[in-house]
Structure formats: structure tokens, C-alpha cells
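*Asks:* Sharing final.json, JSON, C-alpha atoms and all ligand atoms:
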```json
[["chain", "number", "residue", "atom", "x", "y", "z"],
["A", 247, "MET", "CA", -2.54, -12.49, 13.19],
["A", 248, "ASN", "CA", 0.37, -13.10, 15.56],
["A", 249, "GLY", "CA", -0.65, -13.29, 19.17],
["A", 250, "LYS", "CA", -3.59, -15.62, 18.57],
["A", 251, "THR", "CA", -3.87, -18.34, 21.14],
["A", 252, "MET", "CA", -5.33, -21.83, 21.18],
["A", 253, "ASP", "CA", -5.92, -24.50, 23.80],
["A", 254, "LEU", "CA", -3.80, -27.13, 22.10],
["A", 255, "PHE", "CA", -4.55, -29.78, 24.73],
["A", 256, "LYS", "CA", -8.23, -29.63, 23.93],
["A", 257, "PHE", "CA", -7.41, -29.34, 20.23],
["A", 258, "CYS", "CA", -5.46, -32.61, 20.32],
["A", 259, "LEU", "CA", -7.89, -34.53, 22.49],
["A", 260, "ASP", "CA", -10.74, -33.47, 20.17],
["A", 261, "ALA", "CA", -8.62, -34.66, 17.21],
["A", 262, "ASP", "CA", -9.10, -31.28, 15.57],
["A", 263, "GLN", "CA", -7.55, -29.97, 12.39],
["A", 264, "ALA", "CA", -6.54, -26.42, 11.61],
["A", 265, "SER", "CA", -4.58, -24.69, 8.91],
["A", 266, "GLY", "CA", -3.64, -21.23, 7.79],
["A", 267, "SER", "CA", -0.86, -19.10, 6.48],
["A", 268, "TYR", "CA", 1.36, -16.22, 7.51],
["A", 269, "ALA", "CA", 3.11, -13.58, 5.49],
["A", 270, "ILE", "CA", 6.77, -14.36, 6.11],
["A", 271, "GLN", "CA", 7.44, -10.67, 6.77],
["A", 272, "ASP", "CA", 5.19, -10.93, 9.83],
["A", 273, "LEU", "CA", 7.36, -13.70, 11.31],
["A", 274, "ASN", "CA", 10.21, -11.58, 12.66],
["A", 275, "ARG", "CA", 12.48, -14.33, 13.92],
["A", 276, "LEU", "CA", 12.24, -16.21, 10.63],
["A", 277, "SER", "CA", 12.63, -13.06, 8.51],
["A", 278, "ALA", "CA", 15.84, -12.24, 10.35],
["A", 279, "GLU", "CA", 17.40, -15.46, 9.00],
["A", 280, "LEU", "CA", 16.40, -14.88, 5.38],
["A", 281, "PHE", "CA", 17.80, -12.87, 2.49],
["A", 282, "ALA", "CA", 14.31, -11.55, 1.71],
["A", 283, "SER", "CA", 11.07, -11.84, 3.63],
["A", 284, "GLU", "CA", 8.70, -12.19, 0.72],
["A", 285, "GLY", "CA", 6.18, -14.97, 0.31],
["A", 286, "GLU", "CA", 4.10, -16.88, 2.78],
["A", 287, "LEU", "CA", 4.31, -19.81, 5.10],
["A", 288, "VAL", "CA", 1.49, -22.35, 5.05],
["A", 289, "TRP", "CA", 0.84, -24.41, 8.16],
["A", 290, "ASN", "CA", -1.35, -27.28, 9.21],
["A", 291, "PHE", "CA", -2.09, -28.68, 12.67],
["A", 292, "SER", "CA", -3.48, -32.14, 13.16],
["A", 293, "GLY", "CA", -4.44, -33.12, 16.67],
["A", 294, "GLY", "CA", -4.57, -36.56, 18.18],
["A", 295, "ARG", "CA", -3.41, -38.71, 20.99],
["A", 296, "HIS", "CA", -0.16, -40.63, 21.22],
["A", 297, "GLN", "CA", -0.49, -44.31, 22.11],
["A", 298, "ILE", "CA", 0.82, -43.55, 25.58],
["A", 299, "GLY", "CA", -2.23, -41.33, 26.01],
["A", 300, "ALA", "CA", -0.62, -37.91, 25.80],
["A", 301, "PRO", "CA", -1.91, -35.18, 23.48],
["A", 302, "GLU", "CA", -0.02, -35.27, 20.20],
["A", 303, "LEU", "CA", 0.19, -32.50, 17.63],
["A", 304, "LYS", "CA", 1.38, -33.04, 14.08],
["A", 305, "LEU", "CA", 2.66, -29.79, 12.63],
["A", 306, "HIS", "CA", 3.29, -29.40, 8.93],
["A", 307, "ILE", "CA", 4.85, -26.25, 7.50],
["A", 308, "GLN", "CA", 5.60, -25.32, 3.93],
["A", 309, "ALA", "CA", 7.29, -22.20, 2.59],
["A", 310, "GLN", "CA", 9.62, -21.03, -0.10],
["A", 311, "VAL", "CA", 12.30, -18.83, 1.37],
["A", 312, "LYS", "CA", 15.14, -16.82, -0.10],
["A", 313, "LEU", "CA", 18.57, -17.63, 1.30],
["A", 314, "ILE", "CA", 22.13, -16.84, 0.27],
["A", 315, "CYS", "CA", 24.02, -19.74, -1.24],
["A", 316, "GLN", "CA", 27.22, -20.21, 0.72],
["A", 317, "ARG", "CA", 29.07, -21.55, -2.28],
["A", 318, "CYS", "CA", 28.46, -18.77, -4.81],
["A", 319, "LEU", "CA", 27.06, -16.09, -2.49],
["A", 320, "THR", "CA", 23.97, -15.39, -4.60],
["A", 321, "PRO", "CA", 20.36, -15.63, -3.43],
["A", 322, "TYR", "CA", 18.33, -18.72, -4.18],
["A", 323, "VAL", "CA", 14.97, -20.16, -3.22],
["A", 324, "GLU", "CA", 14.87, -22.99, -0.73],
["A", 325, "THR", "CA", 11.69, -25.02, -0.24],
["A", 326, "LEU", "CA", 10.87, -25.78, 3.36],
["A", 327, "ASP", "CA", 8.52, -28.69, 3.85],
["A", 328, "SER", "CA", 8.64, -30.15, 7.28],
["A", 329, "VAL", "CA", 6.44, -32.30, 9.49],
["A", 330, "SER", "CA", 7.01, -32.66, 13.21],
["A", 331, "THR", "CA", 5.29, -34.71, 15.83],
["A", 332, "LEU", "CA", 5.04, -32.91, 19.13],
["A", 333, "VAL", "CA", 3.76, -34.32, 22.37],
["A", 334, "LEU", "CA", 2.35, -31.68, 24.68],
["A", 335, "ALA", "CA", 3.11, -31.26, 28.34],
["A", 336, "LYS", "CA", 1.81, -28.76, 30.85],
["A", 337, "THR", "CA", 4.95, -28.49, 32.97],
["A", 338, "GLU", "CA", 8.66, -29.20, 32.66],
["A", 339, "GLU", "CA", 8.31, -32.10, 35.11],
["A", 340, "GLN", "CA", 5.57, -33.64, 33.03],
["A", 341, "ALA", "CA", 7.68, -33.13, 29.89],
["A", 342, "ASP", "CA", 10.60, -35.02, 31.45],
["A", 343, "GLU", "CA", 8.32, -37.83, 32.47],
["A", 344, "LEU", "CA", 6.77, -38.05, 28.99],
["A", 345, "GLU", "CA", 10.22, -38.00, 27.33],
["A", 346, "GLU", "CA", 11.14, -41.00, 29.41],
["A", 347, "ARG", "CA", 7.95, -42.89, 28.66],
["A", 348, "LEU", "CA", 8.13, -42.13, 24.95],
["A", 349, "ASN", "CA", 11.80, -43.01, 24.57],
["A", 350, "ASP", "CA", 11.58, -41.85, 20.95],
["A", 351, "ASP", "CA", 14.01, -39.30, 19.52],
["A", 352, "SER", "CA", 11.73, -38.53, 16.59],
["A", 353, "ILE", "CA", 9.14, -37.00, 18.89],
["A", 354, "ASP", "CA", 9.67, -33.75, 20.74],
["A", 355, "VAL", "CA", 7.91, -33.08, 23.99],
["A", 356, "ILE", "CA", 7.15, -29.40, 24.39],
["A", 357, "VAL", "CA", 5.65, -27.45, 27.23],
["A", 358, "VAL", "CA", 2.74, -25.33, 26.09],
["A", 359, "SER", "CA", 0.39, -23.13, 28.02],
["A", 360, "PRO", "CA", -3.40, -23.59, 27.85],
["A", 361, "GLU", "CA", -3.39, -20.30, 25.99],
["A", 362, "GLN", "CA", -0.48, -21.00, 23.73],
["A", 363, "GLU", "CA", 0.41, -18.39, 21.14],
["A", 364, "TYR", "CA", 0.57, -20.94, 18.37],
["A", 365, "SER", "CA", 2.41, -18.83, 15.80],
["A", 366, "VAL", "CA", 5.46, -19.35, 18.06],
["A", 367, "LEU", "CA", 5.37, -23.11, 17.44],
["A", 368, "ILE", "CA", 4.93, -22.60, 13.71],
["A", 369, "GLU", "CA", 7.82, -20.17, 13.53],
["A", 370, "ASP", "CA", 10.04, -22.49, 15.62],
["A", 371, "GLU", "CA", 9.29, -25.29, 13.19],
["A", 372, "ALA", "CA", 10.25, -23.11, 10.21],
["A", 373, "LEU", "CA", 13.50, -22.05, 11.90],
["A", 374, "LEU", "CA", 14.43, -25.67, 12.57],
["A", 375, "ALA", "CA", 13.67, -26.54, 8.95],
["A", 376, "LEU", "CA", 16.19, -24.03, 7.59],
["A", 377, "PRO", "CA", 19.31, -25.67, 6.14],
["A", 378, "VAL", "CA", 22.39, -25.43, 8.33],
["A", 379, "SER", "CA", 24.50, -24.77, 5.27],
["A", 380, "PRO", "CA", 22.32, -23.17, 2.58],
["A", 381, "ARG", "CA", 23.42, -23.69, -1.01],
["A", 382, "HIS", "CA", 22.14, -24.27, -4.53],
["A", 383, "ALA", "CA", 21.83, -27.88, -5.56],
["A", 384, "THR", "CA", 23.84, -26.71, -8.58],
["A", 385, "CYS", "CA", 25.23, -23.21, -8.64],
["A", 386, "PRO", "CA", 24.50, -21.07, -11.72],
["A", 387, "ASP", "CA", 27.15, -20.92, -14.44],
["A", 388, "GLY", "CA", 29.95, -18.48, -13.85],
["A", 389, "PHE", "CA", 30.31, -19.36, -10.21],
["A", 390, "LYS", "CA", 32.90, -21.92, -9.35],
["A", 391, "ALA", "CA", 33.16, -23.58, -6.03],
["A", 392, "GLU", "CA", 36.15, -21.47, -5.02],
["A", 393, "ILE", "CA", 34.63, -20.18, -1.86],
["A", 394, "ILE", "CA", 34.36, -22.92, 0.66],
["A", 395, "ASN", "CA", 32.87, -21.45, 3.76],
["A", 396, "GLU", "CA", 32.94, -22.95, 7.14],
["A", 397, "LYS", "CA", 29.59, -23.87, 8.51],
["A", 398, "PRO", "CA", 27.77, -20.86, 9.86],
["A", 399, "VAL", "CA", 27.42, -20.58, 13.57],
["A", 400, "SER", "CA", 23.68, -20.47, 13.90],
["A", 401, "PRO", "CA", 21.86, -20.79, 17.20],
["A", 402, "PHE", "CA", 19.28, -22.89, 15.40],
["A", 403, "ALA", "CA", 21.92, -25.29, 14.17],
["A", 404, "ALA", "CA", 22.93, -25.76, 17.76],
["A", 405, "LEU", "CA", 19.32, -26.17, 18.74],
["A", 406, "LYS", "CA", 18.84, -28.84, 16.10],
["A", 407, "LYS", "CA", 21.81, -30.78, 17.41],
["A", 408, "LEU", "CA", 20.28, -30.77, 20.85],
["A", 409, "LYS", "CA", 17.07, -32.34, 19.62],
["A", 501, "ZN", "ZN", 25.19, -21.24, -5.38]]
```
Could I get this structure in the form of C-alpha cells?
Ligand SMILES: [Zn+2]
*Replies:*
Amino acid sequence: MNGKTMDLFKFCLDADQASGSYAIQDLNRLSAELFASEGELVWNFSGGRHQIGAPELKLHIQAQVKLICQRCLTPYVETLDSVSTLVLAKTEEQADELEERLNDDSIDVIVVSPEQEYSVLIEDEALLALPVSPRHATCPDGFKAEIINEKPVSPFAALKKLK
């Protein structure tokens, strides 16, 4: 399942669609951030072309993941549901040039290879969708908000800030 590749440039220019799912336990980088690696992650790719002419990939991921609430320190289920628009570049130089032409912070330009292992993009998207400070919307009874933790130092939090 992991390790499968796709020519995403062709995929986008053909305006293709693809979808699938992964067992979360098979996504090692994501699993490492979770309290439990049960369940599955559902993904959808939608290819197209940005108005500036570059290949554009819409990536939608959905998953329910178990995290530890930082307020009451018990596990809870967080729903991840995230859509990203990615513009594809073949080289770093091309990516810089596209960033400049796009001038749009809501779109990420990423460098992908013609044989891109696409599970990497899906897992990246899931990691970026994780809450920086996971917590229940309302903690269960019996737990008071006595424990106020500082924000966790997560490399993905830092990554998100850079975006
Ligand atoms: Zn809680």
C-alpha cells in the first residue's frame, strides 16, 4: 500500500480523480503522534490546472484519530477533515517562481517527482491537520481545568507556522 507512486503532473493535467484509504497503523509518522493508531484515513485527490497554468492538486483527507486531551489528560477522538490546494513543481527553482506568480498564501507549492510516492503527501496533510493543542471541546465530568499545559513543542506546529 505505501510505496505506490503516481505521475501527479499527468494526473492533474488530465483532471483525474482518485480516492482510497489507509489503515492509520500503516502511516508510521502519523501513528507516532497519536494515542492509538486504530481506524483509517480516507483520502481524495482531484486534479486540475490553476489559472496560471500550473498543475493543481486538491487533496482532501478525513480521519478520526485518538489524541490525549491536554486539559484533562484523557484520550479523546478528534475528527480531521482537511482540504488543501497544492500546486506542483518539478524543481525548487520552479517552485519559487510559481510561489511568486501565485502570490497566494492559501496555496502551497510543492516539489514532487514524476514518480511521487503519494502516501507521503497524504500523510503530510494529516500531520498538518492535527491540532496544535489537542483538547476536548468540553472535558468529561470529574476533570477540572486545573492543568494548564504550555503548548507542546511539535515540529509540525512549527511547520504550520512556516506555511
Ligand atoms: Zn479533556
*Asks:* Considering all atoms listed in the file, give me a table of residues in range 253-273 of chain A that are at most 8 Å from range 346-366 of chain A, with the closest atom pair and distance in Å for each, as a Markdown table.
*Replies:*
```
| residue | atom | partner | partner_atom | distance |
| --- | --- | --- | --- | --- |
| A:Asp253 | CA | A:Pro360 | CA | 4.9 |
| A:Leu254 | CA | A:Pro360 | CA | 6.8 |
| A:Phe255 | CA | A:Pro360 | CA | 7.0 |
```
*Asks:* Do you know which residues are at most 9 Å from range 281-284 of chain A counting only C-alpha atoms, after dropping those on the same chain fewer than 3 positions away, and could you put them as an MDAnalysis selection string?
*Replies:* chainID A and resid 269:273 276:278 310:314 321:322
*Asks:* Pick out the residues no farther than 10 Å from ligand ZN 501 (chain A), counting only C-alpha atoms and all ligand atoms, and list them as a PDB file with C-alpha atoms, in the frame of the given file.
*Replies:*
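File written: selection-v7.pdb
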```pdb
ATOM      1  CA  ILE A 314      22.130 -16.840   0.270  1.00  0.00           C
ATOM      2  CA  CYS A 315      24.020 -19.740  -1.240  1.00  0.00           C
ATOM      3  CA  GLN A 316      27.220 -20.210   0.720  1.00  0.00           C
ATOM      4  CA  ARG A 317      29.070 -21.550  -2.280  1.00  0.00           C
ATOM      5  CA  CYS A 318      28.460 -18.770  -4.810  1.00  0.00           C
ATOM      6  CA  LEU A 319      27.060 -16.090  -2.490  1.00  0.00           C
ATOM      7  CA  THR A 320      23.970 -15.390  -4.600  1.00  0.00           C
ATOM      8  CA  PRO A 321      20.360 -15.630  -3.430  1.00  0.00           C
ATOM      9  CA  TYR A 322      18.330 -18.720  -4.180  1.00  0.00           C
ATOM     10  CA  PRO A 380      22.320 -23.170   2.580  1.00  0.00           C
ATOM     11  CA  ARG A 381      23.420 -23.690  -1.010  1.00  0.00           C
ATOM     12  CA  HIS A 382      22.140 -24.270  -4.530  1.00  0.00           C
ATOM     13  CA  ALA A 383      21.830 -27.880  -5.560  1.00  0.00           C
ATOM     14  CA  THR A 384      23.840 -26.710  -8.580  1.00  0.00           C
ATOM     15  CA  CYS A 385      25.230 -23.210  -8.640  1.00  0.00           C
ATOM     16  CA  PRO A 386      24.500 -21.070 -11.720  1.00  0.00           C
ATOM     17  CA  ASP A 387      27.150 -20.920 -14.440  1.00  0.00           C
ATOM     18  CA  PHE A 389      30.310 -19.360 -10.210  1.00  0.00           C
ATOM     19  CA  LYS A 390      32.900 -21.920  -9.350  1.00  0.00           C
ATOM     20  CA  ALA A 391      33.160 -23.580  -6.030  1.00  0.00           C
TER      21      ALA A 391
END
```
*Asks:* Excluding range 327-334 of chain A and residues on its chain fewer than 4 positions from it, collect all residues at most 10 Å away from it, counting only C-alpha atoms, and give them as a ChimeraX atom specification.
*Replies:* /A:254-255,258,287-296,299-310,340-341,344-345,348,352-359,367,371-372,374-376
*Asks:* Would you save the residues of that selection, restricted to C-alpha atoms, as a tab-separated table (two decimals), keeping the file's coordinate frame?
*Replies:*
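What landed in selection_21.tsv:
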```tsv
chain	number	residue	atom	x	y	z
A	254	LEU	CA	-3.80	-27.13	22.10
A	255	PHE	CA	-4.55	-29.78	24.73
A	258	CYS	CA	-5.46	-32.61	20.32
A	287	LEU	CA	4.31	-19.81	5.10
A	288	VAL	CA	1.49	-22.35	5.05
A	289	TRP	CA	0.84	-24.41	8.16
A	290	ASN	CA	-1.35	-27.28	9.21
A	291	PHE	CA	-2.09	-28.68	12.67
A	292	SER	CA	-3.48	-32.14	13.16
A	293	GLY	CA	-4.44	-33.12	16.67
A	294	GLY	CA	-4.57	-36.56	18.18
A	295	ARG	CA	-3.41	-38.71	20.99
A	296	HIS	CA	-0.16	-40.63	21.22
A	299	GLY	CA	-2.23	-41.33	26.01
A	300	ALA	CA	-0.62	-37.91	25.80
A	301	PRO	CA	-1.91	-35.18	23.48
A	302	GLU	CA	-0.02	-35.27	20.20
A	303	LEU	CA	0.19	-32.50	17.63
A	304	LYS	CA	1.38	-33.04	14.08
A	305	LEU	CA	2.66	-29.79	12.63
A	306	HIS	CA	3.29	-29.40	8.93
A	307	ILE	CA	4.85	-26.25	7.50
A	308	GLN	CA	5.60	-25.32	3.93
A	309	ALA	CA	7.29	-22.20	2.59
A	310	GLN	CA	9.62	-21.03	-0.10
A	340	GLN	CA	5.57	-33.64	33.03
A	341	ALA	CA	7.68	-33.13	29.89
A	344	LEU	CA	6.77	-38.05	28.99
A	345	GLU	CA	10.22	-38.00	27.33
A	348	LEU	CA	8.13	-42.13	24.95
A	352	SER	CA	11.73	-38.53	16.59
A	353	ILE	CA	9.14	-37.00	18.89
A	354	ASP	CA	9.67	-33.75	20.74
A	355	VAL	CA	7.91	-33.08	23.99
A	356	ILE	CA	7.15	-29.40	24.39
A	357	VAL	CA	5.65	-27.45	27.23
A	358	VAL	CA	2.74	-25.33	26.09
A	359	SER	CA	0.39	-23.13	28.02
A	367	LEU	CA	5.37	-23.11	17.44
A	371	GLU	CA	9.29	-25.29	13.19
A	372	ALA	CA	10.25	-23.11	10.21
A	374	LEU	CA	14.43	-25.67	12.57
A	375	ALA	CA	13.67	-26.54	8.95
A	376	LEU	CA	16.19	-24.03	7.59
```
